[in-house]
Amino acid sequence: MNTVTQITSQDAIQKLAQYGLKDCTLELRGECDRDFLYAFEGIGDESGTCYGCETVDDLFTLLSMIEASVIIH
């Protein structure tokens with residue numbers, strides 16, 4: 001039997017935090033001309049890389065990419 005588990009946006013944000021990404025949405029909104037729904041950066045990441053999500057789909061795509069990266073490493 002296949003069980004489909006759906007997670008909420010808040011669940012995705014919490015999972016990203018568990019993977020070492022912190023919310024930087026307000027900072028990115030202040031620096032860019034684009035209106036991001038969510039934005040994250042790596043904790044302790046000196047490169048200044050920020051991952052901007054314009055939609056909820058972007059948020060779940062980012063989570064999928066991070067999870068895939070963790071599995072590969």
# chains A, B, ... in the order shown; residues from 1 in each chain; ligands from 1
>>> residues_around(residues="range 36-49 of chain A", least_positions_apart="4", cutoff="12 Å", atoms="only C-alpha atoms", output="JSON list (two decimals) with C-alpha atoms, in the first residue's frame")
[["chain", "number", "residue", "atom", "x", "y", "z"],
["A", 9, "SER", "CA", 5.41, 24.99, 3.66],
["A", 10, "GLN", "CA", 6.21, 25.33, 7.36],
["A", 12, "ALA", "CA", 9.63, 22.38, 4.46],
["A", 13, "ILE", "CA", 11.11, 25.44, 6.18],
["A", 14, "GLN", "CA", 11.80, 23.41, 9.32],
["A", 15, "LYS", "CA", 13.46, 20.65, 7.28],
["A", 16, "LEU", "CA", 15.66, 23.20, 5.52],
["A", 17, "ALA", "CA", 16.69, 24.51, 8.94],
["A", 18, "GLN", "CA", 17.63, 20.96, 9.95],
["A", 19, "TYR", "CA", 19.87, 20.82, 6.88],
["A", 20, "GLY", "CA", 21.67, 23.99, 7.97],
["A", 21, "LEU", "CA", 19.80, 26.67, 6.02],
["A", 22, "LYS", "CA", 18.47, 29.73, 7.80],
["A", 23, "ASP", "CA", 15.69, 32.03, 6.72],
["A", 24, "CYS", "CA", 17.04, 35.25, 5.19],
["A", 25, "THR", "CA", 13.84, 36.35, 3.46],
["A", 26, "LEU", "CA", 13.70, 39.85, 4.95],
["A", 27, "GLU", "CA", 17.34, 40.54, 4.15],
["A", 28, "LEU", "CA", 17.01, 39.40, 0.54],
["A", 29, "ARG", "CA", 13.83, 41.40, 0.03],
["A", 30, "GLY", "CA", 15.72, 44.49, 1.17],
["A", 31, "GLU", "CA", 18.61, 43.83, -1.23],
["A", 32, "CYS", "CA", 16.75, 42.77, -4.39],
["A", 53, "CYS", "CA", 12.10, 31.12, -3.71],
["A", 54, "GLU", "CA", 9.45, 33.10, -5.56],
["A", 55, "THR", "CA", 6.76, 30.42, -5.21],
["A", 56, "VAL", "CA", 5.84, 27.55, -2.90],
["A", 57, "ASP", "CA", 6.89, 25.20, -5.72],
["A", 58, "ASP", "CA", 10.36, 26.80, -5.58],
["A", 59, "LEU", "CA", 10.46, 26.09, -1.85],
["A", 60, "PHE", "CA", 9.73, 22.39, -2.35],
["A", 62, "LEU", "CA", 14.92, 23.68, -3.01],
["A", 63, "LEU", "CA", 14.10, 21.14, -0.32],
["A", 66, "ILE", "CA", 19.05, 19.78, -0.60]]
>>> select_by_dssp(residues="chain A", states="alpha helix (DSSP H)", output="JSON, numbers by chain")
{"A": [9, 10, 11, 12, 13, 14, 15, 16, 17, 18, 25, 26, 27, 28, 29, 30, 31, 56, 57, 58, 59, 60, 61, 62, 63, 64, 65, 66, 67, 68, 69, 70, 71, 72]}
>>> write_last_selection(atoms="C-alpha atoms", output="mmCIF file, in the first residue's frame")
data_model
loop_
_atom_site.group_PDB
_atom_site.id
_atom_site.type_symbol
_atom_site.label_atom_id
_atom_site.label_comp_id
_atom_site.auth_asym_id
_atom_site.auth_seq_id
_atom_site.Cartn_x
_atom_site.Cartn_y
_atom_site.Cartn_z
ATOM 1 C CA SER A 9 5.409 24.993 3.658
ATOM 2 C CA GLN A 10 6.208 25.330 7.363
ATOM 3 C CA ASP A 11 7.363 21.693 7.452
ATOM 4 C CA ALA A 12 9.630 22.376 4.459
ATOM 5 C CA ILE A 13 11.110 25.440 6.185
ATOM 6 C CA GLN A 14 11.798 23.406 9.323
ATOM 7 C CA LYS A 15 13.455 20.646 7.275
ATOM 8 C CA LEU A 16 15.659 23.201 5.515
ATOM 9 C CA ALA A 17 16.688 24.514 8.940
ATOM 10 C CA GLN A 18 17.625 20.965 9.950
ATOM 11 C CA THR A 25 13.838 36.352 3.459
ATOM 12 C CA LEU A 26 13.698 39.847 4.946
ATOM 13 C CA GLU A 27 17.344 40.544 4.151
ATOM 14 C CA LEU A 28 17.012 39.396 0.539
ATOM 15 C CA ARG A 29 13.831 41.402 0.034
ATOM 16 C CA GLY A 30 15.721 44.495 1.168
ATOM 17 C CA GLU A 31 18.608 43.831 -1.228
ATOM 18 C CA VAL A 56 5.843 27.549 -2.898
ATOM 19 C CA ASP A 57 6.891 25.201 -5.722
ATOM 20 C CA ASP A 58 10.355 26.798 -5.583
ATOM 21 C CA LEU A 59 10.460 26.088 -1.846
ATOM 22 C CA PHE A 60 9.732 22.393 -2.351
ATOM 23 C CA THR A 61 12.203 22.221 -5.241
ATOM 24 C CA LEU A 62 14.919 23.685 -3.014
ATOM 25 C CA LEU A 63 14.099 21.136 -0.317
ATOM 26 C CA SER A 64 14.281 18.311 -2.877
ATOM 27 C CA MET A 65 17.657 19.531 -4.135
ATOM 28 C CA ILE A 66 19.047 19.778 -0.599
ATOM 29 C CA GLU A 67 17.749 16.321 0.313
ATOM 30 C CA ALA A 68 19.226 14.843 -2.881
ATOM 31 C CA SER A 69 22.555 16.488 -2.077
ATOM 32 C CA VAL A 70 22.552 15.001 1.415
ATOM 33 C CA ILE A 71 21.822 11.518 0.037
ATOM 34 C CA ILE A 72 24.660 11.789 -2.508
#
>>> select_by_dssp(residues="chain A", states="strand (DSSP E)", output="PyMOL selection string")
chain A and resi 21-23+38-42+50-53
